[in-house]
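Participant: Below is the file query.tsv, which contains TSV, C-alpha atoms.
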```tsv
chain	number	residue	atom	x	y	z
N	1	MET	CA	22.88	55.09	54.88
N	2	PRO	CA	25.45	57.91	55.12
N	3	ASP	CA	25.72	60.47	52.36
N	4	LEU	CA	27.91	59.11	49.58
N	5	PRO	CA	28.98	60.41	46.19
N	6	LEU	CA	26.69	59.23	43.42
N	7	VAL	CA	29.27	56.84	41.93
N	8	ASP	CA	29.97	55.26	45.32
N	9	LEU	CA	26.25	55.01	46.04
N	10	ILE	CA	25.58	53.24	42.72
N	11	GLY	CA	28.51	50.92	43.41
N	12	ARG	CA	27.09	50.03	46.81
N	13	TRP	CA	23.65	49.36	45.32
N	14	LEU	CA	25.22	47.05	42.77
N	15	THR	CA	27.06	45.24	45.55
N	16	LEU	CA	23.94	44.90	47.71
N	17	GLY	CA	21.52	44.11	44.90
N	18	GLY	CA	23.79	41.76	43.04
N	19	PRO	CA	23.24	40.79	39.40
N	20	VAL	CA	19.56	41.76	39.43
N	21	VAL	CA	20.38	45.42	40.12
N	22	ALA	CA	23.13	45.25	37.49
N	23	ILE	CA	20.62	43.99	34.92
N	24	LEU	CA	18.14	46.70	35.90
N	25	GLY	CA	20.90	49.30	35.57
N	26	ALA	CA	21.66	48.07	32.06
N	27	MET	CA	17.94	48.21	31.19
N	28	SER	CA	17.74	51.79	32.43
N	29	ILE	CA	20.69	52.75	30.21
N	30	VAL	CA	18.99	51.14	27.20
N	31	ALA	CA	15.71	52.94	27.99
N	32	LEU	CA	17.50	56.29	28.31
N	33	ALA	CA	19.36	55.73	25.03
N	34	ILE	CA	16.09	54.93	23.22
N	35	LEU	CA	14.46	58.02	24.73
N	36	LEU	CA	17.25	60.28	23.46
N	37	LEU	CA	17.06	58.58	20.05
N	38	LYS	CA	13.30	59.09	19.86
N	39	LEU	CA	13.58	62.76	20.84
N	40	TYR	CA	16.11	63.29	18.05
N	41	GLN	CA	13.99	61.29	15.61
N	42	PHE	CA	10.81	63.20	16.49
N	43	TRP	CA	12.67	66.47	16.03
N	44	THR	CA	14.15	65.53	12.63
N	45	LEU	CA	11.21	63.62	11.10
N	46	GLY	CA	8.50	65.75	12.67
N	47	VAL	CA	5.47	64.62	14.65
N	48	SER	CA	3.06	67.36	13.62
N	49	LEU	CA	1.94	69.05	10.45
N	50	PRO	CA	2.95	72.72	10.22
N	51	PRO	CA	0.16	75.28	9.78
N	52	GLU	CA	1.35	75.88	6.21
N	53	ILE	CA	0.24	72.36	5.27
N	54	GLY	CA	-3.28	73.06	6.52
N	55	ARG	CA	-3.40	76.28	4.53
N	56	ALA	CA	-2.08	74.45	1.47
N	57	ALA	CA	-4.83	71.85	1.83
N	58	ALA	CA	-7.39	74.65	2.00
N	59	LEU	CA	-5.97	76.12	-1.21
N	60	VAL	CA	-6.21	72.72	-2.91
N	61	GLN	CA	-9.84	72.41	-1.83
N	62	ALA	CA	-10.47	75.88	-3.23
N	63	GLY	CA	-9.01	74.82	-6.59
N	64	ARG	CA	-5.82	76.90	-6.20
N	65	GLY	CA	-3.36	74.04	-6.48
N	66	ARG	CA	-0.60	76.14	-8.05
N	67	GLU	CA	-0.45	78.27	-4.92
N	68	ALA	CA	-0.70	75.28	-2.59
N	69	LEU	CA	2.48	73.42	-3.51
N	70	PRO	CA	4.96	76.31	-2.96
N	71	LEU	CA	3.31	76.99	0.40
N	72	ALA	CA	3.61	73.33	1.38
N	73	ARG	CA	7.25	73.21	0.29
N	74	SER	CA	8.04	76.15	2.55
N	75	ALA	CA	7.03	73.97	5.51
N	76	GLY	CA	8.80	70.76	4.43
N	77	GLY	CA	8.20	67.28	5.80
N	78	ILE	CA	5.89	64.50	4.72
N	79	GLY	CA	3.01	66.92	4.18
N	80	VAL	CA	4.76	68.21	1.05
N	81	GLU	CA	4.87	64.73	-0.52
N	82	ILE	CA	1.21	64.07	0.23
N	83	THR	CA	0.15	67.46	-1.14
N	84	ALA	CA	2.17	66.89	-4.31
N	85	LEU	CA	0.55	63.48	-4.78
N	86	ALA	CA	-2.90	65.02	-4.48
N	87	LEU	CA	-2.08	67.62	-7.10
N	88	ASP	CA	-0.72	64.91	-9.41
N	89	MET	CA	-4.19	63.30	-9.44
N	90	ARG	CA	-5.10	65.70	-12.25
N	91	THR	CA	-3.02	63.58	-14.62
N	92	ALA	CA	-2.09	60.46	-12.65
N	93	ASP	CA	-4.18	57.49	-11.58
N	94	GLY	CA	-6.10	58.61	-8.49
N	95	GLU	CA	-6.22	55.18	-6.86
N	96	ALA	CA	-2.45	54.75	-7.19
N	97	ALA	CA	-1.85	58.25	-5.82
N	98	ARG	CA	-4.01	57.53	-2.77
N	99	GLU	CA	-2.24	54.23	-2.14
N	100	THR	CA	1.13	55.96	-2.39
N	101	ALA	CA	0.01	58.63	0.08
N	102	PHE	CA	-1.15	55.99	2.54
N	103	ARG	CA	2.12	54.08	2.13
N	104	LEU	CA	4.23	57.19	2.70
N	105	ALA	CA	2.27	58.05	5.84
N	106	ALA	CA	2.43	54.48	7.15
N	107	ASP	CA	6.20	54.27	6.56
N	108	HIS	CA	6.70	57.59	8.33
N	109	LEU	CA	4.65	56.47	11.32
N	110	ALA	CA	6.40	53.09	11.44
N	111	ALA	CA	9.74	54.88	11.73
N	112	LEU	CA	8.38	57.01	14.57
N	113	ARG	CA	7.06	53.90	16.36
N	114	SER	CA	10.36	52.02	16.13
N	115	HIS	CA	11.75	50.75	19.47
N	116	PHE	CA	8.41	51.25	21.23
N	117	ARG	CA	8.21	47.51	21.85
N	118	THR	CA	11.63	47.59	23.53
N	119	LEU	CA	10.46	50.31	25.92
N	120	GLU	CA	7.28	48.34	26.55
N	121	LEU	CA	9.33	45.23	27.36
N	122	ILE	CA	11.58	47.15	29.77
N	123	GLY	CA	8.56	48.69	31.51
N	124	ALA	CA	6.98	45.26	31.97
N	125	LEU	CA	10.08	43.30	33.01
N	126	ALA	CA	11.75	45.82	35.34
N	127	PRO	CA	9.30	45.46	38.27
N	128	LEU	CA	9.22	41.69	37.84
N	129	LEU	CA	13.02	41.52	37.96
N	130	GLY	CA	12.97	43.76	41.04
N	131	LEU	CA	10.48	41.46	42.75
N	132	PHE	CA	12.58	38.44	41.77
N	133	GLY	CA	15.64	40.03	43.38
N	134	THR	CA	13.64	40.77	46.53
N	135	VAL	CA	12.49	37.16	46.79
N	136	LEU	CA	16.06	35.94	46.42
N	137	GLY	CA	17.20	38.43	49.06
N	138	MET	CA	14.49	37.40	51.49
N	139	ILE	CA	15.43	33.75	51.02
N	140	GLU	CA	19.03	34.61	51.88
N	141	ALA	CA	17.94	36.68	54.91
N	142	PHE	CA	15.88	33.84	56.34
N	143	LYS	CA	18.71	31.39	55.68
N	144	GLN	CA	20.91	33.61	57.86
N	145	LEU	CA	18.13	33.74	60.45
N	146	GLU	CA	17.97	29.96	60.54
N	147	ALA	CA	21.76	29.66	60.82
N	148	ALA	CA	21.85	32.09	63.75
N	149	GLY	CA	19.45	29.94	65.75
N	150	ALA	CA	18.68	31.46	69.14
N	151	GLN	CA	21.40	34.12	68.72
N	152	VAL	CA	19.36	36.28	66.38
N	153	ASN	CA	20.50	39.87	65.96
N	154	PRO	CA	17.47	41.97	64.88
N	155	SER	CA	19.71	44.53	63.18
N	156	VAL	CA	21.23	41.85	60.97
N	157	LEU	CA	17.78	40.60	59.98
N	158	SER	CA	16.41	44.08	59.27
N	159	GLY	CA	19.52	44.94	57.27
N	160	GLY	CA	19.06	41.85	55.15
N	161	ILE	CA	15.41	42.70	54.53
N	162	TRP	CA	16.02	46.26	53.35
N	163	GLU	CA	18.83	45.07	51.12
N	164	ALA	CA	16.37	42.58	49.59
N	165	LEU	CA	13.73	45.29	49.09
N	166	LEU	CA	16.30	47.45	47.32
N	167	THR	CA	15.85	45.50	44.08
N	168	THR	CA	12.10	46.12	44.06
N	169	ALA	CA	12.69	49.85	44.50
N	170	VAL	CA	15.22	49.89	41.66
N	171	GLY	CA	12.85	47.92	39.41
N	172	LEU	CA	10.02	50.36	40.01
N	173	ALA	CA	12.38	53.32	39.53
N	174	VAL	CA	13.23	51.95	36.07
N	175	ALA	CA	9.70	50.91	35.09
N	176	ILE	CA	7.67	53.97	36.13
N	177	PRO	CA	9.43	56.63	34.01
N	178	THR	CA	9.82	54.18	31.11
N	179	VAL	CA	6.09	53.43	30.99
N	180	ALA	CA	5.21	57.12	31.42
N	181	VAL	CA	7.50	58.22	28.57
N	182	LEU	CA	6.29	55.40	26.33
N	183	ASN	CA	2.67	56.46	26.78
N	184	LEU	CA	3.53	60.08	25.98
N	185	LEU	CA	5.36	59.04	22.82
N	186	GLU	CA	2.53	56.76	21.71
N	187	GLN	CA	-0.06	59.48	22.28
N	188	ARG	CA	1.97	61.93	20.20
N	189	VAL	CA	2.36	59.47	17.31
N	190	ASP	CA	-1.34	58.57	17.44
N	191	ARG	CA	-2.22	62.27	17.27
N	192	PHE	CA	0.08	62.68	14.27
N	193	ALA	CA	-1.55	59.67	12.59
N	194	HIS	CA	-4.91	61.42	12.97
N	195	GLU	CA	-3.45	64.58	11.41
N	196	LEU	CA	-2.13	62.61	8.42
N	197	GLU	CA	-5.45	60.79	8.00
N	198	SER	CA	-7.28	64.11	8.04
N	199	LEU	CA	-4.88	65.64	5.51
N	200	ILE	CA	-5.20	62.71	3.09
N	201	SER	CA	-8.97	62.79	3.41
N	202	ARG	CA	-9.16	66.53	2.73
N	203	LEU	CA	-6.87	66.38	-0.30
N	204	PHE	CA	-7.93	63.19	-2.01
N	205	VAL	CA	-11.67	63.35	-1.34
N	206	THR	CA	-11.61	66.81	-2.89
N	207	PHE	CA	-10.05	65.54	-6.09
N	208	THR	CA	-12.12	62.36	-6.11
N	209	SER	CA	-15.32	64.38	-6.11
N	210	SER	CA	-13.93	66.87	-8.63
N	211	TYR	CA	-12.36	64.53	-11.17
N	212	GLY	CA	-14.40	61.36	-10.78
N	213	ASP	CA	-11.58	59.04	-9.81
N	214	ALA	CA	-12.01	55.73	-8.02
N	215	PRO	CA	-14.43	55.67	-5.06
N	216	SER	CA	-13.08	56.91	-1.77
N	217	SER	CA	-14.81	54.32	0.43
N	218	GLU	CA	-11.49	53.51	2.07
N	219	LEU	CA	-11.44	57.09	3.37
N	220	GLU	CA	-15.13	57.52	4.13
N	221	GLY	CA	-17.45	55.23	6.03
N	222	ALA	CA	-14.77	52.80	7.19
N	223	ALA	CA	-15.40	51.19	10.57
N	224	ASP	CA	-11.87	52.10	11.65
N	225	PRO	CA	-10.47	54.97	9.53
N	226	HIS	CA	-7.08	54.77	11.26
N	227	ALA	CA	-6.59	51.02	10.72
N	228	ARG	CA	-4.06	51.65	7.95
N	229	PHE	CA	-1.83	53.61	10.33
N	230	ARG	CA	-2.09	51.22	13.29
N	231	PRO	CA	1.06	49.12	13.78
N	232	ALA	CA	0.71	45.43	13.06
N	233	SER	CA	1.31	42.89	15.81
N	234	GLY	CA	5.00	42.67	16.54
N	235	ALA	CA	5.83	45.92	14.74
N	236	GLY	CA	7.84	48.77	16.14
N	237	VAL	CA	10.56	46.66	17.79
```
Could the structure of this file be written out as structure tokens, please?

Facilitator:
Amino acid sequence: MPDLPLVDLIGRWLTLGGPVVAILGAMSIVALAILLLKLYQFWTLGVSLPPEIGRAAALVQAGRGREALPLARSAGGIGVEITALALDMRTADGEAARETAFRLAADHLAALRSHFRTLELIGALAPLLGLFGTVLGMIEAFKQLEAAGAQVNPSVLSGGIWEALLTTAVGLAVAIPTVAVLNLLEQRVDRFAHELESLISRLFVTFTSSYGDAPSSELEGAADPHARFRPASGAGV
């Protein structure tokens, strides 16, 4: 294929690949839009706890709660709310404070996981659509071969085959980066969920042991300590 400007090349692919390539192109645009949205969301909401939050938790454990909250506020983010809830356990119901902390963390993580299912669907369907387009193209190529009879031109047949294979290539080109990016995003959110679980455990177990609030069995000894932060089936669409 001669060198063509990008717009002309995309136009030719759409012409050769037909509606399947058009659908794959639309899916790639959706995947790119979600990726840009997630990057902005991760930057604004935060997917890690600043070092100040860790130092604030250490101050709380050392019984220096008055110093901890200003330090946490200097960092901002969800860690401030969780730290403030832990400090409120001195006067508030400890069980309710723990539940509120878990709910805040779960809501934050649910927002970060939004649209993951859409990326997962694109990553799964793109290669299948590409294969479907290739099968349709091969059917058309062999129909032309049958119509030509004994006057078969090998160049016409080979041209029809590579045009059919084009849809598979486009499908894989959409699916591979989508699946790779989705896995990176999921790993980052899972790591952040572990950080939040660790922060809640450090803060609330400290006050539970100090002030005799409700048992902390939901934080200690659970078979799956991160079950609260795992998305439910069908979540994150």

Participant: Between CA of Ser48 in chain N and CA of Val189 in chain N, what is the spacing in Å?

Facilitator: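 Atom-to-atom, CA of Val189 in chain N to CA of Ser48 in chain N, that is 8.7 Å.
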
Participant: Just how far from CA of Arg191 in chain N is CA of Val60 in chain N, in Å to one decimal?

Facilitator: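 Straight-line distance from CA of Val60 in chain N to CA of Arg191 in chain N works out to 23.1 Å.
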
Participant: Between N:Leu145, N:Val80, N:Ala169, N:Leu196, single out the one closest to Val47 in chain N, counting all atoms listed in the file.

Facilitator: N:Leu196

Participant: Of the residues N:Ala105, N:Ala26, N:Thr178, N:Ala72, which is the one nearest to His194 in chain N, using all atoms listed in the file?

Facilitator: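 When distances to His194 in chain N are compared using all atoms listed in the file, the smallest one comes from N:Ala105.
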
Participant: Between CA of Ala164 in chain N and CA of Met138 in chain N, what is the distance, to one decimal in Å?

Facilitator: 5.8 Å

Participant: Would you mind telling me which residue in N:Leu69, N:Leu131, N:Ala56, N:Leu39 lies nearest to Leu184 in chain N when using all atoms listed in the file?

Facilitator: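 Checking each of N:Leu69, N:Leu131, N:Ala56, N:Leu39 against Leu184 in chain N, counting all atoms listed in the file, the winner is N:Leu39.
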
Participant: Check the smallest atom-to-atom distance from each of N:Pro50, N:Pro19, N:Gly25, N:Gly79 to Ile122 in chain N using only C-alpha atoms, then report the winner.

Facilitator: N:Gly25

Participant: Can you tell me which residues surround His108 in chain N at a distance of at most 12 Å, considering all atoms listed in the file, apart from same-chain residues fewer than 6 positions away, and format the answer as a list in words?

Facilitator: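 So the residues in contact are Gln41, Phe42, Thr44, Leu45, Gly46, Val47, Ser48, Gly77, Ile78, Gly79, Glu81, Ile82, Ala101, Phe102, Ser114, Val189, Phe192, Ala193, Leu196, Phe229, Arg230, Pro231 and Gly236 of chain N.
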
Participant: At a cut-off of 12 Å, using all atoms listed in the file, what residues contact Val20 in chain N? Leave out same-chain residues fewer than 3 positions from it and give the result as a ChimeraX atom specification.

Facilitator: /N:13-17,23-27,125-137,164-171

Participant: Include C-alpha atoms and write out the residues we just selected as a PDB file, in the frame of the given file.

Facilitator:
```
ATOM      1  CA  TRP N  13      23.650  49.360  45.320  1.00  0.00           C
ATOM      2  CA  LEU N  14      25.220  47.050  42.770  1.00  0.00           C
ATOM      3  CA  THR N  15      27.060  45.240  45.550  1.00  0.00           C
ATOM      4  CA  LEU N  16      23.940  44.900  47.710  1.00  0.00           C
ATOM      5  CA  GLY N  17      21.520  44.110  44.900  1.00  0.00           C
ATOM      6  CA  ILE N  23      20.620  43.990  34.920  1.00  0.00           C
ATOM      7  CA  LEU N  24      18.140  46.700  35.900  1.00  0.00           C
ATOM      8  CA  GLY N  25      20.900  49.300  35.570  1.00  0.00           C
ATOM      9  CA  ALA N  26      21.660  48.070  32.060  1.00  0.00           C
ATOM     10  CA  MET N  27      17.940  48.210  31.190  1.00  0.00           C
ATOM     11  CA  LEU N 125      10.080  43.300  33.010  1.00  0.00           C
ATOM     12  CA  ALA N 126      11.750  45.820  35.340  1.00  0.00           C
ATOM     13  CA  PRO N 127       9.300  45.460  38.270  1.00  0.00           C
ATOM     14  CA  LEU N 128       9.220  41.690  37.840  1.00  0.00           C
ATOM     15  CA  LEU N 129      13.020  41.520  37.960  1.00  0.00           C
ATOM     16  CA  GLY N 130      12.970  43.760  41.040  1.00  0.00           C
ATOM     17  CA  LEU N 131      10.480  41.460  42.750  1.00  0.00           C
ATOM     18  CA  PHE N 132      12.580  38.440  41.770  1.00  0.00           C
ATOM     19  CA  GLY N 133      15.640  40.030  43.380  1.00  0.00           C
ATOM     20  CA  THR N 134      13.640  40.770  46.530  1.00  0.00           C
ATOM     21  CA  VAL N 135      12.490  37.160  46.790  1.00  0.00           C
ATOM     22  CA  LEU N 136      16.060  35.940  46.420  1.00  0.00           C
ATOM     23  CA  GLY N 137      17.200  38.430  49.060  1.00  0.00           C
ATOM     24  CA  ALA N 164      16.370  42.580  49.590  1.00  0.00           C
ATOM     25  CA  LEU N 165      13.730  45.290  49.090  1.00  0.00           C
ATOM     26  CA  LEU N 166      16.300  47.450  47.320  1.00  0.00           C
ATOM     27  CA  THR N 167      15.850  45.500  44.080  1.00  0.00           C
ATOM     28  CA  THR N 168      12.100  46.120  44.060  1.00  0.00           C
ATOM     29  CA  ALA N 169      12.690  49.850  44.500  1.00  0.00           C
ATOM     30  CA  VAL N 170      15.220  49.890  41.660  1.00  0.00           C
ATOM     31  CA  GLY N 171      12.850  47.920  39.410  1.00  0.00           C
TER      32      GLY N 171
END
```

Participant: Can you work out which one of N:Ala124, N:Leu87, N:Leu203, N:Leu112 has the shortest atom-to-atom distance to Tyr40 in chain N, counting all atoms listed in the file?

Facilitator: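 Answer, going by the shortest atom-to-atom distance: N:Leu112.
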
Participant: Restore all heavy atoms in range 59-70 of chain N and list the result as a CSV table (one decimal), in the frame of the given file.

Facilitator:
```csv
chain,number,residue,atom,x,y,z
N,59,LEU,N,-6.1,75.6,0.2
N,59,LEU,CA,-6.0,76.1,-1.2
N,59,LEU,C,-6.3,75.0,-2.2
N,59,LEU,O,-6.9,75.3,-3.3
N,59,LEU,CB,-4.5,76.6,-1.4
N,59,LEU,CG,-4.2,77.9,-0.7
N,59,LEU,CD1,-2.7,78.2,-0.9
N,59,LEU,CD2,-5.0,79.1,-1.2
N,60,VAL,N,-5.9,73.8,-2.0
N,60,VAL,CA,-6.2,72.7,-2.9
N,60,VAL,C,-7.7,72.5,-3.0
N,60,VAL,O,-8.3,72.4,-4.1
N,60,VAL,CB,-5.5,71.4,-2.5
N,60,VAL,CG1,-6.1,70.2,-3.3
N,60,VAL,CG2,-4.0,71.5,-2.6
N,61,GLN,N,-8.4,72.6,-1.8
N,61,GLN,CA,-9.8,72.4,-1.8
N,61,GLN,C,-10.5,73.6,-2.6
N,61,GLN,O,-11.6,73.4,-3.1
N,61,GLN,CB,-10.3,72.3,-0.4
N,61,GLN,CG,-10.0,71.0,0.3
N,61,GLN,CD,-10.4,71.0,1.7
N,61,GLN,OE1,-10.1,71.8,2.6
N,61,GLN,NE2,-11.3,70.0,2.1
N,62,ALA,N,-9.9,74.7,-2.6
N,62,ALA,CA,-10.5,75.9,-3.2
N,62,ALA,C,-10.1,75.9,-4.7
N,62,ALA,O,-10.5,76.9,-5.4
N,62,ALA,CB,-10.0,77.2,-2.6
N,63,GLY,N,-9.4,74.9,-5.2
N,63,GLY,CA,-9.0,74.8,-6.6
N,63,GLY,C,-7.8,75.7,-6.9
N,63,GLY,O,-7.6,76.0,-8.1
N,64,ARG,N,-7.0,76.1,-6.0
N,64,ARG,CA,-5.8,76.9,-6.2
N,64,ARG,C,-4.6,76.1,-6.0
N,64,ARG,O,-3.7,76.4,-5.1
N,64,ARG,CB,-5.9,78.1,-5.3
N,64,ARG,CG,-7.1,79.0,-5.5
N,64,ARG,CD,-7.4,79.9,-4.4
N,64,ARG,NE,-6.3,80.8,-4.1
N,64,ARG,CZ,-6.3,81.7,-3.1
N,64,ARG,NH1,-7.3,81.7,-2.2
N,64,ARG,NH2,-5.2,82.4,-2.9
N,65,GLY,N,-4.5,75.0,-6.7
N,65,GLY,CA,-3.4,74.0,-6.5
N,65,GLY,C,-2.0,74.6,-6.8
N,65,GLY,O,-1.0,74.3,-6.1
N,66,ARG,N,-1.9,75.6,-7.7
N,66,ARG,CA,-0.6,76.1,-8.0
N,66,ARG,C,0.0,77.0,-6.9
N,66,ARG,O,1.2,77.1,-6.7
N,66,ARG,CB,-0.7,77.0,-9.3
N,66,ARG,CG,-1.0,76.2,-10.6
N,66,ARG,CD,-1.0,77.2,-11.8
N,66,ARG,NE,-1.2,76.4,-13.0
N,66,ARG,CZ,-1.2,77.0,-14.2
N,66,ARG,NH1,-1.1,78.3,-14.3
N,66,ARG,NH2,-1.4,76.2,-15.3
N,67,GLU,N,-0.9,77.5,-6.1
N,67,GLU,CA,-0.4,78.3,-4.9
N,67,GLU,C,-0.2,77.3,-3.7
N,67,GLU,O,0.6,77.7,-2.9
N,67,GLU,CB,-1.5,79.3,-4.5
N,67,GLU,CG,-1.9,80.3,-5.6
N,67,GLU,CD,-3.0,81.2,-5.1
N,67,GLU,OE1,-3.0,81.6,-4.0
N,67,GLU,OE2,-3.9,81.4,-6.0
N,68,ALA,N,-0.8,76.2,-3.7
N,68,ALA,CA,-0.7,75.3,-2.6
N,68,ALA,C,0.7,74.6,-2.5
N,68,ALA,O,1.3,74.6,-1.4
N,68,ALA,CB,-1.8,74.2,-2.7
N,69,LEU,N,1.2,74.2,-3.6
N,69,LEU,CA,2.5,73.4,-3.5
N,69,LEU,C,3.7,74.3,-3.0
N,69,LEU,O,4.4,73.8,-2.2
N,69,LEU,CB,2.8,72.8,-4.9
N,69,LEU,CG,3.9,71.7,-4.9
N,69,LEU,CD1,3.6,70.6,-3.8
N,69,LEU,CD2,4.0,71.1,-6.2
N,70,PRO,N,3.9,75.5,-3.5
N,70,PRO,CA,5.0,76.3,-3.0
N,70,PRO,C,4.8,76.6,-1.5
N,70,PRO,O,5.8,76.6,-0.7
N,70,PRO,CB,4.9,77.6,-3.8
N,70,PRO,CG,4.2,77.2,-5.0
N,70,PRO,CD,3.2,76.2,-4.7
```
